[in-house]
>>> print(open('run_2.txt').read())   # compact mmCIF, C-alpha atoms
# COMPACT_ATOMS: atom_id res chain seq x y z
CA VAL B 1 28.41 -29.80 -44.14
CA ILE B 2 26.13 -26.92 -43.22
CA SER B 3 23.06 -29.18 -43.54
CA LEU B 4 24.66 -31.80 -41.30
CA MET B 5 25.52 -29.12 -38.72
CA MET B 6 21.93 -27.83 -38.74
CA VAL B 7 20.57 -31.36 -38.26
CA PHE B 8 23.03 -31.88 -35.41
CA LEU B 9 22.02 -28.61 -33.71
CA VAL B 10 18.31 -29.35 -34.04
CA GLY B 11 18.84 -32.85 -32.68
CA ALA B 12 20.90 -31.54 -29.77
CA THR B 13 18.22 -28.98 -28.96
CA VAL B 14 15.50 -31.62 -28.96
CA LEU B 15 17.57 -33.92 -26.78
CA PHE B 16 18.29 -31.07 -24.33
CA TRP B 17 14.59 -30.20 -24.16
CA MET B 18 13.66 -33.83 -23.54
CA ALA B 19 16.31 -34.13 -20.84
CA GLN B 20 15.10 -30.95 -19.19
CA GLN B 21 11.53 -32.24 -19.24
CA SER B 22 12.64 -35.49 -17.69
CA LEU B 23 14.83 -33.87 -15.04
CA PHE B 24 12.59 -30.97 -14.09
CA SER B 25 9.10 -30.13 -15.39
CA LYS B 26 8.03 -33.79 -15.79
CA ASN B 27 9.87 -35.06 -12.74
CA PRO B 28 7.41 -36.34 -10.08
CA HIS B 29 9.87 -35.42 -7.31
CA PHE B 30 9.12 -31.73 -7.93
CA ILE B 31 5.33 -31.86 -7.58
CA LEU B 32 3.96 -28.98 -5.48
CA LYS B 33 3.05 -30.04 -1.94
CA ARG B 34 3.34 -26.83 0.11
CA VAL B 35 2.81 -23.11 -0.41
CA VAL B 36 4.30 -20.91 2.31
CA VAL B 37 3.22 -17.25 2.46
CA LYS B 38 5.24 -14.79 4.55
CA SER B 39 4.20 -11.21 5.21
CA GLY B 40 3.91 -8.68 7.99
CA GLY B 41 0.17 -8.17 7.76
CA TYR B 42 -3.05 -9.56 6.29
CA TRP B 43 -1.43 -12.05 3.90
CA ASN B 44 0.85 -13.74 6.41
CA GLY B 45 0.04 -17.45 6.60
CA ARG B 46 -2.85 -17.23 4.12
CA ASP B 47 -1.43 -20.11 2.12
CA ASN B 48 -4.75 -21.54 0.93
CA GLU B 49 -6.00 -18.13 -0.18
CA VAL B 50 -2.88 -17.62 -2.31
CA VAL B 51 -3.15 -21.16 -3.74
CA LYS B 52 -6.71 -20.41 -4.85
CA LEU B 53 -5.79 -16.97 -6.18
CA LEU B 54 -2.95 -18.38 -8.32
CA GLY B 55 -4.90 -21.42 -9.49
CA LEU B 56 -2.35 -23.88 -8.10
CA LYS B 57 -3.12 -27.55 -7.54
CA LYS B 58 -1.22 -29.27 -4.77
CA GLY B 59 -0.24 -32.78 -5.72
CA GLU B 60 -0.53 -32.00 -9.43
CA THR B 61 1.34 -28.77 -10.27
CA ASN B 62 5.04 -29.20 -11.05
CA LEU B 63 7.30 -26.52 -9.55
CA PHE B 64 9.28 -26.18 -12.77
CA GLY B 65 6.11 -25.90 -14.80
CA LEU B 66 5.31 -22.63 -13.02
CA LYS B 67 6.22 -19.25 -14.51
CA LEU B 68 7.29 -17.28 -11.45
CA GLY B 69 7.02 -13.91 -13.20
CA GLU B 70 3.39 -14.53 -14.05
CA LEU B 71 2.65 -15.55 -10.46
CA LYS B 72 4.20 -12.31 -9.19
CA ASP B 73 2.16 -10.23 -11.63
CA LYS B 74 -1.02 -12.02 -10.55
CA LEU B 75 -0.38 -11.32 -6.88
CA LYS B 76 0.47 -7.67 -7.53
CA GLU B 77 -3.04 -7.21 -8.92
CA GLN B 78 -4.14 -7.26 -5.28
CA ALA B 79 -4.31 -3.63 -4.18
CA SER B 80 -2.87 -4.27 -0.72
CA ILE B 81 0.29 -5.91 -2.10
CA GLU B 82 3.12 -3.50 -2.91
CA LYS B 83 6.01 -5.91 -3.56
CA VAL B 84 6.20 -9.68 -3.86
CA SER B 85 8.79 -12.37 -4.51
CA VAL B 86 8.11 -15.99 -5.47
CA ALA B 87 10.71 -18.75 -5.21
CA ARG B 88 10.93 -22.51 -5.58
CA VAL B 89 12.19 -24.35 -2.51
CA LEU B 90 13.09 -27.84 -3.65
CA PRO B 91 11.81 -30.39 -3.78
CA SER B 92 8.13 -29.45 -3.35
CA THR B 93 7.55 -25.99 -1.83
CA LEU B 94 6.64 -22.61 -3.31
CA GLU B 95 7.62 -19.69 -1.06
CA VAL B 96 5.84 -16.34 -1.41
CA LYS B 97 7.12 -13.22 0.37
CA ILE B 98 4.81 -10.20 0.38
CA SER B 99 5.38 -6.55 1.34
CA GLU B 100 2.03 -4.90 1.99
CA ARG B 101 0.96 -1.30 1.56
CA ILE B 102 0.65 0.58 4.87
CA PRO B 103 -2.75 2.23 5.45
CA ARG B 104 -2.49 5.96 6.15
CA ALA B 105 -6.09 7.20 6.09
CA TYR B 106 -9.73 6.22 5.69
CA LEU B 107 -11.78 7.61 2.83
CA TYR B 108 -15.13 9.29 3.58
CA SER B 109 -15.44 7.84 7.11
CA ALA B 110 -13.91 5.27 9.43
CA ASP B 111 -16.78 2.93 8.56
CA SER B 112 -16.53 3.22 4.77
CA GLY B 113 -14.32 0.16 4.38
CA TRP B 114 -11.93 2.07 2.09
CA ILE B 115 -8.40 3.05 3.09
CA VAL B 116 -5.42 4.53 1.23
CA ASP B 117 -1.66 4.21 1.49
CA GLN B 118 0.81 7.10 1.28
CA SER B 119 0.69 7.01 -2.54
CA GLY B 120 -3.09 7.37 -2.61
CA VAL B 121 -3.77 3.77 -3.67
CA VAL B 122 -7.22 2.62 -2.54
CA MET B 123 -7.50 -0.64 -0.59
CA ASP B 124 -10.29 -2.67 0.93
CA ALA B 125 -9.80 -2.44 4.69
CA LYS B 126 -10.72 -6.12 5.06
CA THR B 127 -7.68 -7.30 3.10
CA ALA B 128 -5.09 -4.78 4.31
CA VAL B 129 -2.68 -4.50 7.21
CA ASN B 130 -4.57 -3.96 10.45
CA ILE B 131 -3.12 -0.77 11.95
CA LYS B 132 -3.64 -0.50 15.69
CA GLY B 133 -5.19 2.79 16.69
CA SER B 134 -7.31 5.14 14.65
CA LEU B 135 -6.38 6.54 11.25
CA PRO B 136 -7.22 10.03 9.99
CA VAL B 137 -10.21 10.38 7.67
CA ILE B 138 -10.04 12.15 4.31
CA THR B 139 -13.38 13.68 3.34
CA GLY B 140 -14.79 16.12 0.80
CA LEU B 141 -14.22 13.77 -2.14
CA LYS B 142 -16.45 12.95 -5.08
CA ILE B 143 -15.32 9.68 -6.66
CA ALA B 144 -17.72 8.11 -9.15
CA ASP B 145 -16.27 4.61 -9.25
CA ILE B 146 -14.22 3.80 -6.18
CA HIS B 147 -12.57 0.38 -6.11
CA ALA B 148 -9.51 -1.38 -4.76
CA GLY B 149 -6.39 -0.52 -6.75
CA LEU B 150 -7.62 2.92 -7.81
CA GLU B 151 -4.95 5.62 -7.42
CA LEU B 152 -6.09 9.07 -6.27
CA PRO B 153 -3.48 11.77 -7.01
CA GLU B 154 -6.00 14.42 -5.99
CA ILE B 155 -5.69 13.48 -2.31
CA LYS B 156 -1.91 14.07 -2.24
CA PRO B 157 -2.19 17.38 -0.30
CA ALA B 158 -4.17 15.62 2.45
CA LEU B 159 -1.65 12.78 2.59
CA ASP B 160 1.24 15.27 2.70
CA ILE B 161 -0.24 16.82 5.85
CA ILE B 162 -0.93 13.43 7.45
CA LEU B 163 2.57 12.08 6.70
CA CYS B 164 4.28 15.31 7.77
CA ALA B 165 2.50 15.16 11.13
CA LEU B 166 3.44 11.49 11.59
CA GLN B 167 7.10 11.97 10.74
CA ASP B 168 7.93 15.46 12.01
CA TYR B 169 5.19 16.54 14.43
CA PRO B 170 3.94 13.42 16.28
CA ASP B 171 2.29 15.58 18.97
CA LEU B 172 -0.23 16.70 16.34
CA LYS B 173 -2.87 13.99 15.99
CA ILE B 174 -4.74 14.49 12.71
CA ALA B 175 -8.40 13.46 13.02
CA SER B 176 -9.74 14.46 9.60
CA VAL B 177 -8.77 16.32 6.44
CA ASN B 178 -11.46 17.87 4.26
CA LEU B 179 -10.73 18.67 0.59
CA ALA B 180 -14.14 20.01 -0.39
CA VAL B 181 -12.92 23.62 -0.86
CA ARG B 182 -10.84 24.02 -4.00
CA ASP B 183 -8.07 26.32 -2.74
CA GLU B 184 -8.11 25.31 0.94
CA ILE B 185 -7.63 22.31 3.19
CA HIS B 186 -9.61 22.03 6.41
CA VAL B 187 -8.13 19.91 9.19
CA PHE B 188 -9.34 18.82 12.63
CA LEU B 189 -6.62 17.73 15.04
CA LYS B 190 -5.71 17.19 18.68
CA TYR B 191 -2.51 18.08 20.50
CA LYS B 192 -1.15 15.33 22.76
CA ASN B 193 -3.77 14.71 25.47
CA TYR B 194 -5.11 18.26 25.39
CA ALA B 195 -8.91 18.16 25.55
CA LYS B 196 -9.58 20.79 22.91
CA THR B 197 -9.90 19.95 19.22
CA PHE B 198 -8.34 22.48 16.85
CA PHE B 199 -9.74 23.45 13.46
CA ILE B 200 -7.04 24.44 10.97
CA LEU B 201 -7.41 26.29 7.67
CA PHE B 202 -4.53 25.55 5.27
CA PRO B 203 -3.79 26.94 1.82
CA ARG B 204 -2.84 24.32 -0.79
CA LYS B 205 0.76 25.42 -1.09
CA LYS B 206 3.90 25.59 1.08
CA LEU B 207 2.51 22.86 3.31
CA ASP B 208 5.87 22.08 4.96
CA GLU B 209 6.24 25.71 5.97
CA LYS B 210 2.65 25.87 7.20
CA MET B 211 3.05 22.68 9.27
CA ALA B 212 6.04 24.18 11.07
CA ALA B 213 4.04 27.35 11.79
CA LEU B 214 1.09 25.24 12.96
CA SER B 215 3.20 23.26 15.43
CA MET B 216 4.53 26.45 17.04
CA THR B 217 1.11 28.10 17.13
CA VAL B 218 -0.61 25.10 18.73
CA LYS B 219 2.06 24.83 21.43
CA LYS B 220 1.67 28.53 22.27
CA ALA B 221 -2.13 28.27 22.33
CA VAL B 222 -2.00 25.25 24.64
CA GLY B 223 0.61 26.87 26.89
CA ALA B 224 -1.46 30.02 27.24
CA ASP B 225 -4.68 27.98 27.49
CA SER B 226 -6.09 30.16 24.73
CA ALA B 227 -9.84 30.24 24.22
CA GLY B 228 -9.38 30.13 20.45
CA SER B 229 -9.60 26.77 18.70
CA THR B 230 -9.43 27.89 15.05
CA ILE B 231 -6.02 28.51 13.48
CA ASP B 232 -5.95 30.22 10.10
CA LEU B 233 -2.76 29.65 8.10
CA ARG B 234 -3.99 30.97 4.78
CA PHE B 235 -2.12 34.26 5.00
CA GLU B 236 1.56 34.73 4.28
CA GLY B 237 3.82 35.01 7.32
CA GLN B 238 1.18 34.79 10.02
CA ALA B 239 -1.03 32.37 11.90
CA ILE B 240 -4.30 33.76 13.24
CA VAL B 241 -5.88 32.15 16.29
CA LYS B 242 -9.54 32.85 16.86
>>> encode(input="run_2.txt", output="C-alpha cells")
Amino acid sequence: VISLMMVFLVGATVLFWMAQQSLFSKNPHFILKRVVVKSGGYWNGRDNEVVKLLGLKKGETNLFGLKLGELKDKLKEQASIEKVSVARVLPSTLEVKISERIPRAYLYSADSGWIVDQSGVVMDAKTAVNIKGSLPVITGLKIADIHAGLELPEIKPALDIILCALQDYPDLKIASVNLAVRDEIHVFLKYKNYAKTFFILFPRKKLDEKMAALSMTVKKAVGADSAGSTIDLRFEGQAIVK
C-alpha cells in the first residue's frame, strides 16, 4: 500500500510539473515583449539598458521562466539603486520600479565624477539622480581604490554636518567640508545671499550642539556686519569669531 501511495504521489508531482510547464513557463502567450522601468531619476525609462543589464531577450524569454529575486539582486548591484521591485504584468510585460540613492555631496571636487549619498555610498555621477543646484564637496580624503558601490563610514561626520544644515538650518549653505585634520572638521559656507564666505572650525563631537551654536553666531555676525569670517567652535561653551 505504501509503495502504491509513493508511486501515486510521484506520478501526481510529475503531472503537476508538466501541467505547470504547459500553462506557464512553456506557454507562448507569456513570452516577454515589453520591459517598463519606472523611477524618479536616472533609471526612469531606461528600458533597453535594464534589458541588457539583466540579460533578457524580448521575444524569447518566458515571464514565468524568470526568477524575480535574482533579477532584483542583479539590479541592486548598481550603486545608484537603493530599492527595487520586479513584477510580471501578464501577458507579456516585466515591470521594474526603482528607488534611487539621493546624492548629498561630491568627493574630492565637483569635477571628480564621484558622489555619495547620506549613507556614504559612492556613486558614479553619470548614472545617478541629477540634483539641480550645486552639492557640497567633501575633501581631505585618501582612498586607495575608489569605485561605485564603495561605502565610506569615515565621511559620516562630514555628512552629518551637511544633512543637519539641509534639514534644520537651510540658511547655511555648505560649500565644502575638509576632513584632512584628524580631530577637526573644516567647513566653508555661505549664509543666505550674504556675500561673505565663512570658514568654520568644528571638533569631531557634539556636532548637533555645534551646529545650533554656529547658526546663532553666523546670524549675529551678519546682523552686526562683523569683519570676522572665521568661526571657531572647538572650545566648550563658546564660539569665537575672528
>>> residues_around(input="run_2.txt", residues="B:Lys156", least_positions_apart="2", cutoff="12 Å", atoms="all atoms listed in the file", output="PDB file with C-alpha atoms, in the frame of the given file")
ATOM      1  CA  ARG B 104      -2.490   5.960   6.150  1.00  0.00           C
ATOM      2  CA  ALA B 105      -6.090   7.200   6.090  1.00  0.00           C
ATOM      3  CA  VAL B 116      -5.420   4.530   1.230  1.00  0.00           C
ATOM      4  CA  ASP B 117      -1.660   4.210   1.490  1.00  0.00           C
ATOM      5  CA  GLN B 118       0.810   7.100   1.280  1.00  0.00           C
ATOM      6  CA  SER B 119       0.690   7.010  -2.540  1.00  0.00           C
ATOM      7  CA  GLY B 120      -3.090   7.370  -2.610  1.00  0.00           C
ATOM      8  CA  VAL B 121      -3.770   3.770  -3.670  1.00  0.00           C
ATOM      9  CA  ILE B 138     -10.040  12.150   4.310  1.00  0.00           C
ATOM     10  CA  GLU B 151      -4.950   5.620  -7.420  1.00  0.00           C
ATOM     11  CA  LEU B 152      -6.090   9.070  -6.270  1.00  0.00           C
ATOM     12  CA  PRO B 153      -3.480  11.770  -7.010  1.00  0.00           C
ATOM     13  CA  GLU B 154      -6.000  14.420  -5.990  1.00  0.00           C
ATOM     14  CA  ALA B 158      -4.170  15.620   2.450  1.00  0.00           C
ATOM     15  CA  LEU B 159      -1.650  12.780   2.590  1.00  0.00           C
ATOM     16  CA  ASP B 160       1.240  15.270   2.700  1.00  0.00           C
ATOM     17  CA  ILE B 161      -0.240  16.820   5.850  1.00  0.00           C
ATOM     18  CA  ILE B 162      -0.930  13.430   7.450  1.00  0.00           C
ATOM     19  CA  LEU B 163       2.570  12.080   6.700  1.00  0.00           C
ATOM     20  CA  CYS B 164       4.280  15.310   7.770  1.00  0.00           C
ATOM     21  CA  VAL B 177      -8.770  16.320   6.440  1.00  0.00           C
ATOM     22  CA  LEU B 179     -10.730  18.670   0.590  1.00  0.00           C
ATOM     23  CA  ILE B 185      -7.630  22.310   3.190  1.00  0.00           C
ATOM     24  CA  ARG B 204      -2.840  24.320  -0.790  1.00  0.00           C
ATOM     25  CA  LYS B 205       0.760  25.420  -1.090  1.00  0.00           C
ATOM     26  CA  LEU B 207       2.510  22.860   3.310  1.00  0.00           C
TER      27      LEU B 207
END
>>> atom_distance(input="run_2.txt", atom1="atom CA of B:Ser215", atom2="atom CA of B:Gly133")
22.2 Å
>>> residues_near_point(input="run_2.txt", point="(-10.2, 7.2, 5.4)", cutoff="10 Å", atoms="all atoms listed in the file", output="list in words")
Pro103, Arg104, Ala105, Tyr106, Leu107, Tyr108, Ser109, Ala110, Asp111, Ser112, Gly113, Trp114, Ile115, Val116, Asp117, Val122, Ala125, Ser134, Leu135, Pro136, Val137, Ile138, Thr139, Ser176 and Val177 of chain B
>>> write_last_selection(input="run_2.txt", atoms="C-alpha atoms", output="PDB file, in the coordinates of the input")
ATOM      1  CA  PRO B 103      -2.750   2.230   5.450  1.00  0.00           C
ATOM      2  CA  ARG B 104      -2.490   5.960   6.150  1.00  0.00           C
ATOM      3  CA  ALA B 105      -6.090   7.200   6.090  1.00  0.00           C
ATOM      4  CA  TYR B 106      -9.730   6.220   5.690  1.00  0.00           C
ATOM      5  CA  LEU B 107     -11.780   7.610   2.830  1.00  0.00           C
ATOM      6  CA  TYR B 108     -15.130   9.290   3.580  1.00  0.00           C
ATOM      7  CA  SER B 109     -15.440   7.840   7.110  1.00  0.00           C
ATOM      8  CA  ALA B 110     -13.910   5.270   9.430  1.00  0.00           C
ATOM      9  CA  ASP B 111     -16.780   2.930   8.560  1.00  0.00           C
ATOM     10  CA  SER B 112     -16.530   3.220   4.770  1.00  0.00           C
ATOM     11  CA  GLY B 113     -14.320   0.160   4.380  1.00  0.00           C
ATOM     12  CA  TRP B 114     -11.930   2.070   2.090  1.00  0.00           C
ATOM     13  CA  ILE B 115      -8.400   3.050   3.090  1.00  0.00           C
ATOM     14  CA  VAL B 116      -5.420   4.530   1.230  1.00  0.00           C
ATOM     15  CA  ASP B 117      -1.660   4.210   1.490  1.00  0.00           C
ATOM     16  CA  VAL B 122      -7.220   2.620  -2.540  1.00  0.00           C
ATOM     17  CA  ALA B 125      -9.800  -2.440   4.690  1.00  0.00           C
ATOM     18  CA  SER B 134      -7.310   5.140  14.650  1.00  0.00           C
ATOM     19  CA  LEU B 135      -6.380   6.540  11.250  1.00  0.00           C
ATOM     20  CA  PRO B 136      -7.220  10.030   9.990  1.00  0.00           C
ATOM     21  CA  VAL B 137     -10.210  10.380   7.670  1.00  0.00           C
ATOM     22  CA  ILE B 138     -10.040  12.150   4.310  1.00  0.00           C
ATOM     23  CA  THR B 139     -13.380  13.680   3.340  1.00  0.00           C
ATOM     24  CA  SER B 176      -9.740  14.460   9.600  1.00  0.00           C
ATOM     25  CA  VAL B 177      -8.770  16.320   6.440  1.00  0.00           C
TER      26      VAL B 177
END
>>> residues_around(input="run_2.txt", residues="B:Ala227", least_positions_apart="4", cutoff="10 Å", atoms="all atoms listed in the file", output="list in words")
Lys196, Ala221, Val222, Val241 and Lys242 of chain B
>>> axis_aligned_box(input="run_2.txt", around="stretch 82-96 of chain B", padding_each_side="5 Å", output="lines of an AutoDock Vina configuration file")
center_x = 8.1
center_y = -16.9
center_z = -3.3
size_x = 20.0
size_y = 36.9
size_z = 14.5
>>> residues_around(input="run_2.txt", residues="B:Ala87", least_positions_apart="4", cutoff="9 Å", atoms="all atoms listed in the file", output="list in words")
Leu68, Thr93, Leu94, Glu95, Val96 and Lys97 of chain B
>>> atom_distance(input="run_2.txt", atom1="atom CA of B:Gly69", atom2="atom CA of B:Val84")
10.3 Å
>>> closest_residue(input="run_2.txt", among="B:Lys206, B:Arg234, B:His147, B:Lys142", to="B:His186", atoms="all atoms listed in the file")
B:Arg234
>>> atom_distance(input="run_2.txt", atom1="atom CA of B:Lys38", atom2="atom CA of B:Leu63")
18.5 Å
>>> closest_atom_pairs(input="run_2.txt", of="stretch 123-196 of chain B", to="stretch 43-59 of chain B", cutoff="9 Å", atoms="only C-alpha atoms", output="CSV")
residue,atom,partner,partner_atom,distance
B:Thr127,CA,B:Trp43,CA,7.9
B:Ala128,CA,B:Trp43,CA,8.1
B:Val129,CA,B:Trp43,CA,8.3
>>> closest_residue(input="run_2.txt", among="B:Glu70, B:Glu184, B:Asp208, B:Asp145", to="B:Tyr169", atoms="all atoms listed in the file")
B:Asp208
>>> closest_residue(input="run_2.txt", among="B:Ala144, B:Asp73, B:Pro91, B:Leu9", to="B:Ile31", atoms="only C-alpha atoms")
B:Pro91
>>> residues_around(input="run_2.txt", residues="B:Lys190", least_positions_apart="4", cutoff="6 Å", atoms="all atoms listed in the file", output="MDAnalysis selection string")
chainID B and resid 172:173 197
>>> closest_residue(input="run_2.txt", among="B:Lys132, B:Val187, B:Ser226, B:Lys219", to="B:Asp171", atoms="only C-alpha atoms")
B:Lys219
>>> closest_residue(input="run_2.txt", among="B:Lys192, B:Ser85, B:Gly237, B:Arg101", to="B:Lys72", atoms="all atoms listed in the file")
B:Ser85
>>> build_atoms(input="run_2.txt", residues="stretch 27-54 of chain B", atoms="N, CA and C atoms", output="PDB file, in the frame of the given file")
ATOM      1  N   ASN B  27       9.341 -34.234 -13.816  1.00  0.00           N
ATOM      2  CA  ASN B  27       9.870 -35.060 -12.740  1.00  0.00           C
ATOM      3  C   ASN B  27       8.900 -35.090 -11.559  1.00  0.00           C
ATOM      4  N   PRO B  28       8.391 -36.270 -11.158  1.00  0.00           N
ATOM      5  CA  PRO B  28       7.410 -36.340 -10.080  1.00  0.00           C
ATOM      6  C   PRO B  28       7.960 -35.924  -8.715  1.00  0.00           C
ATOM      7  N   HIS B  29       9.282 -35.850  -8.587  1.00  0.00           N
ATOM      8  CA  HIS B  29       9.870 -35.420  -7.310  1.00  0.00           C
ATOM      9  C   HIS B  29       9.645 -33.930  -7.050  1.00  0.00           C
ATOM     10  N   PHE B  30       9.296 -33.171  -8.077  1.00  0.00           N
ATOM     11  CA  PHE B  30       9.120 -31.730  -7.930  1.00  0.00           C
ATOM     12  C   PHE B  30       7.656 -31.306  -8.000  1.00  0.00           C
ATOM     13  N   ILE B  31       6.751 -32.196  -7.626  1.00  0.00           N
ATOM     14  CA  ILE B  31       5.330 -31.860  -7.580  1.00  0.00           C
ATOM     15  C   ILE B  31       5.049 -30.981  -6.359  1.00  0.00           C
ATOM     16  N   LEU B  32       4.270 -29.942  -6.537  1.00  0.00           N
ATOM     17  CA  LEU B  32       3.960 -28.980  -5.480  1.00  0.00           C
ATOM     18  C   LEU B  32       3.181 -29.645  -4.333  1.00  0.00           C
ATOM     19  N   LYS B  33       3.732 -29.516  -3.122  1.00  0.00           N
ATOM     20  CA  LYS B  33       3.050 -30.040  -1.940  1.00  0.00           C
ATOM     21  C   LYS B  33       2.717 -28.956  -0.916  1.00  0.00           C
ATOM     22  N   ARG B  34       3.553 -27.908  -0.883  1.00  0.00           N
ATOM     23  CA  ARG B  34       3.340 -26.830   0.110  1.00  0.00           C
ATOM     24  C   ARG B  34       3.477 -25.469  -0.546  1.00  0.00           C
ATOM     25  N   VAL B  35       2.666 -24.524  -0.067  1.00  0.00           N
ATOM     26  CA  VAL B  35       2.810 -23.110  -0.410  1.00  0.00           C
ATOM     27  C   VAL B  35       2.943 -22.355   0.900  1.00  0.00           C
ATOM     28  N   VAL B  36       4.042 -21.643   1.072  1.00  0.00           N
ATOM     29  CA  VAL B  36       4.300 -20.910   2.310  1.00  0.00           C
ATOM     30  C   VAL B  36       4.267 -19.410   2.009  1.00  0.00           C
ATOM     31  N   VAL B  37       3.365 -18.686   2.679  1.00  0.00           N
ATOM     32  CA  VAL B  37       3.220 -17.250   2.460  1.00  0.00           C
ATOM     33  C   VAL B  37       3.722 -16.497   3.687  1.00  0.00           C
ATOM     34  N   LYS B  38       4.665 -15.592   3.467  1.00  0.00           N
ATOM     35  CA  LYS B  38       5.240 -14.790   4.550  1.00  0.00           C
ATOM     36  C   LYS B  38       4.981 -13.319   4.303  1.00  0.00           C
ATOM     37  N   SER B  39       4.489 -12.646   5.323  1.00  0.00           N
ATOM     38  CA  SER B  39       4.200 -11.210   5.210  1.00  0.00           C
ATOM     39  C   SER B  39       4.112 -10.633   6.617  1.00  0.00           C
ATOM     40  N   GLY B  40       4.013  -9.319   6.685  1.00  0.00           N
ATOM     41  CA  GLY B  40       3.910  -8.680   7.990  1.00  0.00           C
ATOM     42  C   GLY B  40       2.506  -8.237   8.330  1.00  0.00           C
ATOM     43  N   GLY B  41       1.528  -8.657   7.531  1.00  0.00           N
ATOM     44  CA  GLY B  41       0.170  -8.170   7.760  1.00  0.00           C
ATOM     45  C   GLY B  41      -0.893  -9.189   7.392  1.00  0.00           C
ATOM     46  N   TYR B  42      -1.881  -8.747   6.632  1.00  0.00           N
ATOM     47  CA  TYR B  42      -3.050  -9.560   6.290  1.00  0.00           C
ATOM     48  C   TYR B  42      -2.670 -10.882   5.632  1.00  0.00           C
ATOM     49  N   TRP B  43      -1.717 -10.872   4.718  1.00  0.00           N
ATOM     50  CA  TRP B  43      -1.430 -12.050   3.900  1.00  0.00           C
ATOM     51  C   TRP B  43      -0.591 -13.096   4.598  1.00  0.00           C
ATOM     52  N   ASN B  44      -0.027 -12.775   5.746  1.00  0.00           N
ATOM     53  CA  ASN B  44       0.850 -13.740   6.410  1.00  0.00           C
ATOM     54  C   ASN B  44       0.109 -15.028   6.765  1.00  0.00           C
ATOM     55  N   GLY B  45       0.634 -16.161   6.285  1.00  0.00           N
ATOM     56  CA  GLY B  45       0.040 -17.450   6.600  1.00  0.00           C
ATOM     57  C   GLY B  45      -1.214 -17.800   5.814  1.00  0.00           C
ATOM     58  N   ARG B  46      -1.642 -16.937   4.902  1.00  0.00           N
ATOM     59  CA  ARG B  46      -2.850 -17.230   4.120  1.00  0.00           C
ATOM     60  C   ARG B  46      -2.496 -18.072   2.895  1.00  0.00           C
ATOM     61  N   ASP B  47      -1.926 -19.228   3.179  1.00  0.00           N
ATOM     62  CA  ASP B  47      -1.430 -20.110   2.120  1.00  0.00           C
ATOM     63  C   ASP B  47      -2.555 -20.558   1.187  1.00  0.00           C
ATOM     64  N   ASN B  48      -3.649 -21.015   1.757  1.00  0.00           N
ATOM     65  CA  ASN B  48      -4.750 -21.540   0.930  1.00  0.00           C
ATOM     66  C   ASN B  48      -5.372 -20.452   0.053  1.00  0.00           C
ATOM     67  N   GLU B  49      -5.437 -19.232   0.598  1.00  0.00           N
ATOM     68  CA  GLU B  49      -6.000 -18.130  -0.180  1.00  0.00           C
ATOM     69  C   GLU B  49      -5.123 -17.824  -1.394  1.00  0.00           C
ATOM     70  N   VAL B  50      -3.814 -17.863  -1.201  1.00  0.00           N
ATOM     71  CA  VAL B  50      -2.880 -17.620  -2.310  1.00  0.00           C
ATOM     72  C   VAL B  50      -2.919 -18.767  -3.321  1.00  0.00           C
ATOM     73  N   VAL B  51      -3.037 -19.998  -2.843  1.00  0.00           N
ATOM     74  CA  VAL B  51      -3.150 -21.160  -3.740  1.00  0.00           C
ATOM     75  C   VAL B  51      -4.363 -20.992  -4.655  1.00  0.00           C
ATOM     76  N   LYS B  52      -5.494 -20.606  -4.071  1.00  0.00           N
ATOM     77  CA  LYS B  52      -6.710 -20.410  -4.850  1.00  0.00           C
ATOM     78  C   LYS B  52      -6.558 -19.251  -5.826  1.00  0.00           C
ATOM     79  N   LEU B  53      -5.965 -18.159  -5.355  1.00  0.00           N
ATOM     80  CA  LEU B  53      -5.790 -16.970  -6.180  1.00  0.00           C
ATOM     81  C   LEU B  53      -4.914 -17.254  -7.408  1.00  0.00           C
ATOM     82  N   LEU B  54      -3.894 -18.083  -7.228  1.00  0.00           N
ATOM     83  CA  LEU B  54      -2.950 -18.380  -8.320  1.00  0.00           C
ATOM     84  C   LEU B  54      -3.367 -19.585  -9.149  1.00  0.00           C
TER      85      LEU B  54
END
